[in-house]
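To start, the structure under review is shown below, and the notes come after it.
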Amino acid sequence: MARILDGNRVRDDIKNELKPRVDALIAKGRPPGLAVVLVGHNPASEIYVRNKIKACQDLGIYSESSTPPESVSTEELLRIVEQLNARPDIDGILVQLPLPPQVDTKRILLAVAPAKDVDGFHPCNVGNLVAGLPGPRACTPAGILELLKRFEIPIAGKRAVVVGRSDIVGKPVAFLLLHENATVTICHSKTRDLAERCREAEILVAAMGRPAMITGDYLTPGVTVIDVGTNRLDKRVDVARIFRNSAEKLASFEKKGSVLVGDVDPLDVAEKAGAYTPVPGGVGPLTIAMLMANTVASAERRLGVC
Ligand code: NAP
């Protein structure tokens, strides 16, 4: 039986560990502060931001959101970020992506003060990651490492294969695994013999955004699988195919109009892996937990607590 790597449990543990650190900061003068910039009315972004603010409230972290309109210009957004950079009570700034097409996203992300870059996307912090220096790490990759460590999955000396090379998941998770002494292969859409590369993995991280693409023939028995993919299936025929006509999934689809699936075939992984993250309930819950952890760590640094 494959072990299920329960992200909800790890998220709860992380939050329980953060609470006394937040209380210590409050006792020292003020709570940690997170500012979220949410442009326009993207429904998915609105849900993410609501969940982030709720997590702050649960922990006693101060949070606020700026909500400029969809028509905002790069210059206007830069001014908002600069004001937040200058605020002593704000330890973390998060600009919710994607931004509208008229906005120069790279300029905005570059404008966030590296010390307040709780997403870990600023080139300074990417450099810190590559060099193995302290600094905020991208939240989803950091959550994956927490998950592996807390479930005591050995990393040193293991062959890790990361499928996907994005700046927010694939590349940073590859560096984090490398720093833990895994032997890392990064694959992408131009990789030849992908199934063969994946079968070499003892730890396989799937982050392509391709529903259930990694099937049983990509998996070597006993592999640890981290499925980052979060894909919404909104066609009944896809739900029926991927979940092999599961009555439970089809009922869930009829009720909600969609079903989530990762980048790994959910039935094949349960059969072949030694351990795996389910979707939902695996990697997903850790992203916000690590955002909270980065915000608390930033406040501790800025208030001289650590
Ligand atoms: P992304 O920026 O679209 O990058 C996808 C990567 O996968 C690219 O490097 C791409 O290769 C590669 N790829 C695409 N198709 C492939 C194929 N057929 N074979 C091999 N490689 C392929 O995506 P992302 O932002 O990293 O996100 C990846 C997935 O993780 C998405 O489902 C996203 O929703 C999910 N996600 C989840 C969380 C969470 O909190 N759970 C957080 C972030 C992302 P090229 O570079 O060659 O194009």
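Identifiers in the structure tokens: chain A, B, ... in order shown; residue index from 1 per chain; ligand index from 1 in order shown.
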
Checklist entry - Can you tell me which residues sit at most 9 Å away from ligand 1, counting only C-alpha atoms and all ligand atoms, written as a ChimeraX atom specification? => result /A:139-141,143,163-171,187-191,194,206-211,213,227-232,261-263,279-288

Checklist entry - Near Val130 of chain A, within 10 Å and counting only C-alpha atoms, which residues show up once chain neighbours fewer than 6 positions away are dropped, as a list of chain:residue names? => result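 Near Val130 of chain A, the qualifying residues are A:Cys124, A:Lys171, A:Pro172, A:Ala174, A:Phe175, A:Leu176, A:Leu178, A:His179.
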
Got time to write the residues from that selection, C-alpha atoms, as a PDB file, in the first residue's frame?
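Output contents, as saved in selection.pdb:
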```
ATOM      1  CA  CYS A 124      18.002  38.561  -5.350  1.00  0.00           C
ATOM      2  CA  LYS A 171      13.531  25.429 -10.973  1.00  0.00           C
ATOM      3  CA  PRO A 172      13.340  26.302  -7.264  1.00  0.00           C
ATOM      4  CA  ALA A 174      15.188  21.366  -8.235  1.00  0.00           C
ATOM      5  CA  PHE A 175      17.668  23.628  -6.381  1.00  0.00           C
ATOM      6  CA  LEU A 176      16.158  22.802  -2.985  1.00  0.00           C
ATOM      7  CA  LEU A 178      20.063  19.628  -4.951  1.00  0.00           C
ATOM      8  CA  HIS A 179      20.949  21.444  -1.704  1.00  0.00           C
TER       9      HIS A 179
END
```

Next on the checklist: Can you pull out every residue from segment 30-218 of chain A that DSSP, working from the backbone, puts in strand (DSSP E or B), and format the result as a list in words?
Outcome noted: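 Those in segment 30-218 of chain A that DSSP calls strand (DSSP E or B) are Gly33, Leu34, Ala35, Val36, Val37, Tyr62, Ser63, Glu64, Ser65, Ser66, Gly92, Ile93, Leu94, Val95, Arg159, Ala160, Val161, Val162, Val163, Thr183, Val184, Thr185, Ile186, Cys187, Ile203, Leu204, Val205, Ala206 and Ile214 of chain A.
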
Checklist entry - When distances are computed from only C-alpha atoms, which of A:Asp6, A:Asp117, A:Glu46, A:Glu202 shows the smallest separation from Lys158 of chain A? => result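 Of all the options, A:Glu202 lies closest to Lys158 of chain A.
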
Next on the checklist: Could you list, as number ranges by chain, every residue within 10 Å of Leu177 of chain A, counting only C-alpha atoms and ignoring same-chain residues fewer than 5 positions away?
Outcome noted: A: 141, 144-145, 155-156, 158-162, 172, 182-184, 203

Item to check | alpha helix (DSSP H) per DSSP on the backbone: members of segment 31-269 of chain A, as a ChimeraX atom specification | outcome: /A:43-59,74-86,105-111,123-131,139-150,170-179,194-199,236-242,247-256,266-269

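When only C-alpha atoms are used to measure the gap to Asp265 of chain A, the shortest distance among A:Ala115, A:Val49, A:Ile226, A:Ala297 belongs to A:Ile226.
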
Checklist entry - So how many Å separate atom CA of Gln96 of chain A and atom CA of Ala24 of chain A, to one decimal? => result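 Result for atom CA of Gln96 of chain A versus atom CA of Ala24 of chain A: 28.5 Å, one decimal.
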
Next on the checklist: Could you check the closest approach to Pro100 of chain A for each of A:Asp12, A:Glu70, A:Glu76, A:Glu271 and tell me which residue wins, using only C-alpha atoms?
Outcome noted: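 That would be A:Glu70, the residue with the smallest distance to Pro100 of chain A.
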
Item to check | Contacts of Gly120 of chain A within 8 Å, only C-alpha atoms, excl. fewer than 4 positions in-chain, as a count of residues only | outcome: 7

Next on the checklist: Residues within 6 Å of segment 35-41 of chain A, please, as a PyMOL selection string. Count only C-alpha atoms; anything in the same chain fewer than 3 positions from it doesn't count.
Outcome noted: chain A and resi 63-70+93-96

Item to check | His122 of chain A surroundings by only C-alpha atoms, 9 Å radius, close-in-sequence under 3 positions cut, as a list of chain:residue names | outcome: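 Contacts, in chain order: A:Leu109, A:Leu110, A:Ala111, A:Val112, A:Ala113, A:Pro114, A:Asp117, A:Asp119, A:Asn125, A:Val126, A:Gly127.
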
Next on the checklist: Report as a ChimeraX atom specification all protein, DNA and RNA residues lying within 8 Å of Phe253 of chain A, evaluated on only C-alpha atoms, omitting residues in the same chain fewer than 6 positions from it.
Outcome noted: /A:234,236,239,259

Please, could you write that set of residues out with C-alpha atoms as a PDB file, in the first residue's frame?
```pdb
ATOM      1  CA  ASP A 234     -14.821  20.301 -16.492  1.00  0.00           C
ATOM      2  CA  ARG A 236     -17.592  14.479 -17.772  1.00  0.00           C
ATOM      3  CA  VAL A 239     -13.517  12.603 -15.357  1.00  0.00           C
ATOM      4  CA  VAL A 259     -13.206  17.774 -10.407  1.00  0.00           C
TER       5      VAL A 259
END
```

Checklist entry - Can you tell me how far atom CA of Gly92 of chain A sits from atom CA of Gly132 of chain A, in Å to one decimal? => result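 Interatomic distance here is 21.2 Å.
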